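Participant: What follows is structure.cif, mmCIF, C-alpha atoms.
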```cif
data_run
#
loop_
_atom_site.label_atom_id
_atom_site.label_comp_id
_atom_site.auth_asym_id
_atom_site.auth_seq_id
_atom_site.Cartn_x
_atom_site.Cartn_y
_atom_site.Cartn_z
CA MET V 24 44.63 -22.61 -1.60
CA ALA V 25 41.63 -24.86 -2.00
CA ARG V 26 38.93 -23.72 -4.37
CA ARG V 27 35.68 -22.84 -2.77
CA GLY V 28 32.80 -25.08 -3.75
CA ARG V 29 29.34 -24.06 -4.79
CA PRO V 30 27.44 -21.98 -2.21
CA THR V 31 25.08 -23.85 0.07
CA LEU V 32 21.33 -23.32 -0.17
CA GLU V 33 21.51 -21.22 3.01
CA GLU V 34 24.27 -19.02 1.55
CA SER V 35 22.36 -18.69 -1.71
CA GLY V 36 19.23 -17.68 0.17
CA ARG V 37 21.13 -15.06 2.14
CA LEU V 38 22.52 -13.55 -1.05
CA LYS V 39 19.05 -13.40 -2.55
CA GLU V 40 17.85 -11.54 0.54
CA ARG V 41 20.79 -9.12 0.25
CA ILE V 42 19.95 -8.46 -3.39
CA VAL V 43 16.30 -7.74 -2.57
CA SER V 44 17.24 -5.51 0.37
CA ALA V 45 19.67 -3.49 -1.73
CA ALA V 46 17.12 -3.30 -4.55
CA ILE V 47 14.47 -1.81 -2.25
CA THR V 48 16.87 0.98 -1.27
CA MET V 49 17.84 1.62 -4.88
CA PHE V 50 14.28 1.56 -6.24
CA VAL V 51 13.20 4.07 -3.60
CA ALA V 52 16.14 6.37 -4.29
CA ARG V 53 16.29 6.09 -8.08
CA GLY V 54 12.98 4.74 -9.27
CA TYR V 55 12.53 1.78 -11.58
CA ALA V 56 14.20 3.25 -14.66
CA GLY V 57 17.17 4.63 -12.71
CA THR V 58 17.94 1.28 -11.09
CA THR V 59 20.27 -0.91 -13.15
CA ILE V 60 21.43 -4.45 -12.58
CA GLU V 61 25.02 -3.31 -13.18
CA ASP V 62 24.87 -0.72 -10.39
CA LEU V 63 23.07 -3.11 -8.06
CA CYS V 64 25.66 -5.83 -8.53
CA ALA V 65 28.49 -3.33 -8.11
CA SER V 66 27.02 -2.08 -4.84
CA LEU V 67 26.86 -5.65 -3.55
CA GLY V 68 30.23 -6.71 -4.94
CA ILE V 69 28.77 -9.64 -6.87
CA ALA V 70 28.96 -10.80 -10.47
CA LYS V 71 25.98 -10.34 -12.77
CA ARG V 72 25.79 -14.11 -13.21
CA SER V 73 25.10 -14.37 -9.47
CA PHE V 74 22.18 -12.03 -9.94
CA TYR V 75 20.76 -13.77 -13.00
CA SER V 76 21.01 -17.17 -11.34
CA ARG V 77 18.41 -15.87 -8.86
CA PHE V 78 16.30 -13.41 -10.87
CA VAL V 79 15.32 -13.62 -14.53
CA SER V 80 14.95 -9.87 -14.97
CA LYS V 81 14.73 -6.48 -13.27
CA ALA V 82 10.94 -6.80 -13.39
CA GLU V 83 11.09 -10.04 -11.38
CA LEU V 84 13.44 -8.36 -8.90
CA PHE V 85 11.05 -5.42 -8.57
CA GLN V 86 8.19 -7.79 -7.82
CA ALA V 87 10.25 -9.51 -5.12
CA ALA V 88 11.31 -6.14 -3.69
CA ALA V 89 7.75 -4.81 -3.68
CA ASN V 90 6.42 -7.97 -2.01
CA THR V 91 9.17 -7.88 0.61
CA TYR V 92 8.64 -4.19 1.31
CA THR V 93 4.91 -4.70 1.58
CA ALA V 94 5.30 -7.67 3.92
CA ALA V 95 7.62 -5.59 6.10
CA THR V 96 5.21 -2.66 6.28
CA ILE V 97 1.56 -2.85 5.28
CA ASP V 98 1.18 -6.55 6.06
CA ARG V 99 2.47 -5.88 9.57
CA LEU V 100 -0.26 -3.39 10.35
CA PRO V 101 -2.55 -4.60 13.14
CA PRO V 102 -5.29 -6.91 11.83
CA VAL V 103 -8.64 -5.23 11.28
CA GLU V 104 -11.00 -6.72 13.83
CA PRO V 105 -14.55 -5.29 14.01
CA ASP V 106 -15.80 -4.21 17.43
CA SER V 107 -18.84 -2.52 18.96
CA ARG V 108 -17.89 1.05 18.01
CA PRO V 109 -19.72 2.85 15.18
CA ALA V 110 -18.60 1.77 11.73
CA ALA V 111 -17.54 5.34 10.92
CA VAL V 112 -15.06 5.35 13.79
CA GLN V 113 -13.68 1.92 12.91
CA LEU V 114 -13.26 2.87 9.25
CA LEU V 115 -11.45 6.05 10.26
CA ASP V 116 -8.99 3.92 12.24
CA VAL V 117 -8.36 1.82 9.13
CA CYS V 118 -7.93 4.94 7.00
CA GLU V 119 -5.50 6.47 9.47
CA ASP V 120 -3.29 3.36 9.34
CA LEU V 121 -3.38 3.37 5.53
CA LEU V 122 -2.67 7.10 5.30
CA ARG V 123 0.32 6.81 7.62
CA TYR V 124 1.65 4.04 5.39
CA PHE V 125 0.98 5.56 1.97
CA LEU V 126 1.96 9.12 2.90
CA HIS V 127 5.42 8.04 4.07
CA PRO V 128 8.04 10.01 2.09
CA ASP V 129 9.62 6.82 0.69
CA ILE V 130 6.27 5.53 -0.57
CA ILE V 131 5.41 8.87 -2.16
CA ALA V 132 8.84 9.03 -3.82
CA MET V 133 8.31 5.53 -5.20
CA GLU V 134 4.79 6.44 -6.31
CA ARG V 135 6.02 9.49 -8.24
CA SER V 136 8.68 7.59 -10.15
CA LEU V 137 6.63 4.49 -10.84
CA VAL V 138 3.58 6.35 -12.09
CA ALA V 139 5.86 8.34 -14.40
CA GLU V 140 7.48 5.14 -15.68
CA ALA V 141 4.44 2.84 -15.89
CA GLY V 142 3.90 3.63 -19.57
CA ARG V 143 7.44 2.59 -20.48
CA PHE V 144 7.55 -0.35 -18.08
CA PRO V 145 4.07 -1.94 -18.06
CA GLU V 146 5.45 -4.97 -16.22
CA ILE V 147 5.51 -2.99 -12.97
CA VAL V 148 1.79 -2.13 -13.08
CA PRO V 149 0.50 -5.53 -11.82
CA VAL V 150 2.89 -5.30 -8.87
CA LEU V 151 1.56 -1.87 -7.91
CA GLU V 152 -2.02 -3.05 -8.29
CA GLU V 153 -1.40 -6.06 -6.05
CA VAL V 154 -0.12 -3.79 -3.25
CA ARG V 155 -3.11 -1.49 -3.68
CA HIS V 156 -5.61 -4.36 -3.58
CA ARG V 157 -4.04 -5.73 -0.41
CA ALA V 158 -4.45 -2.31 1.16
CA ILE V 159 -8.04 -1.87 -0.01
CA SER V 160 -9.01 -5.28 1.38
CA ARG V 161 -8.40 -3.91 4.89
CA PHE V 162 -11.79 -2.20 4.61
CA ASP V 163 -13.63 -5.49 4.08
CA PRO V 164 -14.20 -6.64 7.70
CA ILE V 165 -15.87 -3.33 8.66
CA LEU V 166 -17.84 -3.01 5.43
CA ARG V 167 -19.41 -6.43 6.04
CA LEU V 168 -21.07 -4.92 9.11
CA VAL V 169 -22.82 -2.09 7.28
CA ARG V 170 -23.53 -3.28 3.74
CA PRO V 171 -27.04 -4.45 2.84
CA PRO V 172 -27.09 -8.20 2.05
CA ASP V 173 -27.96 -7.61 -1.62
CA ALA V 174 -25.48 -4.77 -2.19
CA GLY V 175 -23.31 -6.74 -4.64
CA GLU V 176 -19.54 -7.18 -4.54
CA ILE V 177 -17.85 -5.86 -1.43
CA ALA V 178 -14.74 -5.09 -3.50
CA THR V 179 -16.67 -2.41 -5.37
CA ASP V 180 -17.58 -0.59 -2.18
CA ALA V 181 -14.06 -0.95 -0.80
CA GLN V 182 -12.66 0.53 -4.01
CA LEU V 183 -15.07 3.46 -3.79
CA LEU V 184 -14.08 4.12 -0.18
CA TRP V 185 -10.42 4.02 -1.17
CA ASP V 186 -11.08 6.49 -4.00
CA LEU V 187 -12.77 8.85 -1.55
CA THR V 188 -10.34 8.68 1.34
CA ILE V 189 -6.85 7.42 0.44
CA ALA V 190 -6.30 8.09 -3.26
CA PRO V 191 -6.84 11.92 -3.16
CA PRO V 192 -4.22 12.70 -0.46
CA MET V 193 -1.78 10.27 -2.09
CA ARG V 194 -2.13 12.08 -5.41
CA ALA V 195 -1.85 15.48 -3.74
CA ALA V 196 1.29 14.41 -1.88
CA ALA V 197 2.83 13.00 -5.07
CA LEU V 198 2.21 16.35 -6.78
CA GLY V 199 3.71 18.25 -3.86
CA LEU V 200 0.36 19.82 -2.94
CA LEU V 201 0.13 18.07 0.42
CA PRO V 202 2.88 17.30 2.95
CA CYS V 203 3.76 13.67 3.62
CA ASP V 204 2.06 13.88 6.98
CA VAL V 205 -1.21 12.73 8.53
CA THR V 206 -2.56 15.91 10.11
CA GLN V 207 -5.66 16.40 12.21
CA GLN V 208 -7.17 18.38 9.35
CA LEU V 209 -6.63 15.47 6.97
CA LEU V 210 -8.25 13.07 9.44
CA SER V 211 -11.20 15.44 9.81
CA VAL V 212 -11.72 15.57 6.04
CA THR V 213 -11.33 11.79 5.86
CA GLY V 214 -14.00 11.37 8.54
CA GLU V 215 -16.43 13.54 6.57
CA ARG V 216 -15.83 11.46 3.45
CA ILE V 217 -16.40 8.25 5.38
CA ALA V 218 -19.72 9.60 6.67
CA PHE V 219 -20.70 10.55 3.12
CA PHE V 220 -19.80 7.06 1.92
CA LEU V 221 -21.68 5.31 4.70
CA ALA V 222 -24.80 7.38 4.07
CA GLY V 223 -25.11 5.80 0.64
CA LEU V 224 -24.90 2.33 2.15
CA THR V 225 -26.82 2.58 5.39
CA LEU V 226 -29.85 4.66 4.41
CA SER V 227 -31.15 1.71 2.41
CA ARG V 228 -31.44 -0.37 5.61
CA PRO V 229 -34.26 -0.14 8.14
CA GLY V 230 -33.15 1.78 11.22
CA ALA V 231 -29.99 3.04 9.54
CA LEU V 232 -28.20 6.05 10.96
CA GLU V 233 -28.81 9.38 9.36
CA PRO V 234 -25.73 10.99 7.74
CA SER V 235 -25.62 13.62 10.51
CA GLN V 236 -25.34 10.85 13.12
CA GLU V 237 -22.43 9.20 11.29
CA THR V 238 -20.68 12.57 11.07
CA ALA V 239 -21.23 13.08 14.80
CA HIS V 240 -19.55 9.74 15.54
CA VAL V 241 -16.48 10.74 13.53
CA LYS V 242 -16.29 14.13 15.23
CA GLN V 243 -16.35 12.38 18.59
CA ARG V 244 -13.48 10.13 17.39
CA ASN V 245 -11.47 13.22 16.43
#
```
Could you write out this file's structure as structure tokens?

Facilitator:
Amino acid sequence: MARRGRPTLEESGRLKERIVSAAITMFVARGYAGTTIEDLCASLGIAKRSFYSRFVSKAELFQAAANTYTAATIDRLPPVEPDSRPAAVQLLDVCEDLLRYFLHPDIIAMERSLVAEAGRFPEIVPVLEEVRHRAISRFDPILRLVRPPDAGEIATDAQLLWDLTIAPPMRAAALGLLPCDVTQQLLSVTGERIAFFLAGLTLSRPGALEPSQETAHVKQRN
């Protein structure tokens, strides 16, 4: 029987995709610490040398898995395109998309394990931060419509809005205090927080909406 030669670039690429796909499933189910290269290779029926010829370490694999998972989910959300509706309503749409993504049971399970393990595995922190920053940047197109010209860095405002609207329910869900579900009550609370946020930005502009008007827009959206 003739010996099989080295795999082609196409075959090698397919194996790399299989490794990443299997790693996503394993990271979600077991967390970072519970996922081992030995178990991953065994599940795929490949030798460890095949793994290490494609990935230097588990940390590099996690980065590839996180980027692939993000590209398959959050990066496929509809693009944020400003329109003529009130900013409060548009921002609530953005928040709803983000909440539906980050409150998914798989994401919350990953969040629980990774936050618990970040101290022992600091190499995973930059990967988590990159995903978060990509999510936060979805606020930017709408915020450009309402921020005063001299308000400073838009990233600061986007971070504050994230901290008001997305971070609290994520933390509550990770602690088991909130179901992994986007309810009408959660959207109502999110709308109130958006109106509170916008009040701090818009009242400094001539002709800006009063906070009560922003709240009214969100209530109409709900």

Participant: If we count all atoms listed in the file, what is near stretch 50-64 of chain V at a cut-off of 8 Å, once residues fewer than 6 positions away on the same chain are taken out, given as an mmCIF file with C-alpha atoms, in the frame of the given file?

Facilitator:
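Final file, around_34.cif:
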```cif
data_model
loop_
_atom_site.group_PDB
_atom_site.id
_atom_site.type_symbol
_atom_site.label_atom_id
_atom_site.label_comp_id
_atom_site.auth_asym_id
_atom_site.auth_seq_id
_atom_site.Cartn_x
_atom_site.Cartn_y
_atom_site.Cartn_z
ATOM 1 C CA ILE V 42 19.950 -8.460 -3.390
ATOM 2 C CA ALA V 70 28.960 -10.800 -10.470
ATOM 3 C CA LYS V 71 25.980 -10.340 -12.770
ATOM 4 C CA PHE V 74 22.180 -12.030 -9.940
ATOM 5 C CA LYS V 81 14.730 -6.480 -13.270
ATOM 6 C CA PHE V 85 11.050 -5.420 -8.570
ATOM 7 C CA ASP V 129 9.620 6.820 0.690
ATOM 8 C CA ILE V 130 6.270 5.530 -0.570
ATOM 9 C CA ALA V 132 8.840 9.030 -3.820
ATOM 10 C CA MET V 133 8.310 5.530 -5.200
ATOM 11 C CA SER V 136 8.680 7.590 -10.150
ATOM 12 C CA LEU V 137 6.630 4.490 -10.840
ATOM 13 C CA GLU V 140 7.480 5.140 -15.680
#
```

Participant: Just say which residues the PyMOL selection byres ((chain V and resi 165-167) around 10) picks in this file, as a list of chain:residue names.

Facilitator: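 When the PyMOL selection byres ((chain V and resi 165-167) around 10) is applied to the shown file, the picked residues are V:Val103, V:Glu104, V:Pro105, V:Asp106, V:Pro109, V:Ala110, V:Ala111, V:Gln113, V:Leu114, V:Val117, V:Ser160, V:Arg161, V:Phe162, V:Asp163, V:Pro164, V:Leu168, V:Val169, V:Arg170, V:Pro171, V:Pro172, V:Ile177, V:Ala178, V:Asp180, V:Ala181, V:Leu184, V:Leu221, V:Leu224.
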
Participant: Which one is closest to V:Gly214: V:Leu183, V:Leu198, V:Ile131, V:Cys118? Count only C-alpha atoms.

Facilitator: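 Looking at the shortest contact to V:Gly214, the residue is V:Cys118.
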
Participant: With distances taken over only C-alpha atoms, which residue among V:Arg108, V:Arg135, V:Arg143, V:Arg216 lies nearest V:Met193?

Facilitator: V:Arg135

Participant: Which residue out of V:Leu100, V:Val148, V:Ala45, V:Ala222 has the minimum interatomic distance to V:Leu84 when only C-alpha atoms are used?

Facilitator: V:Ala45
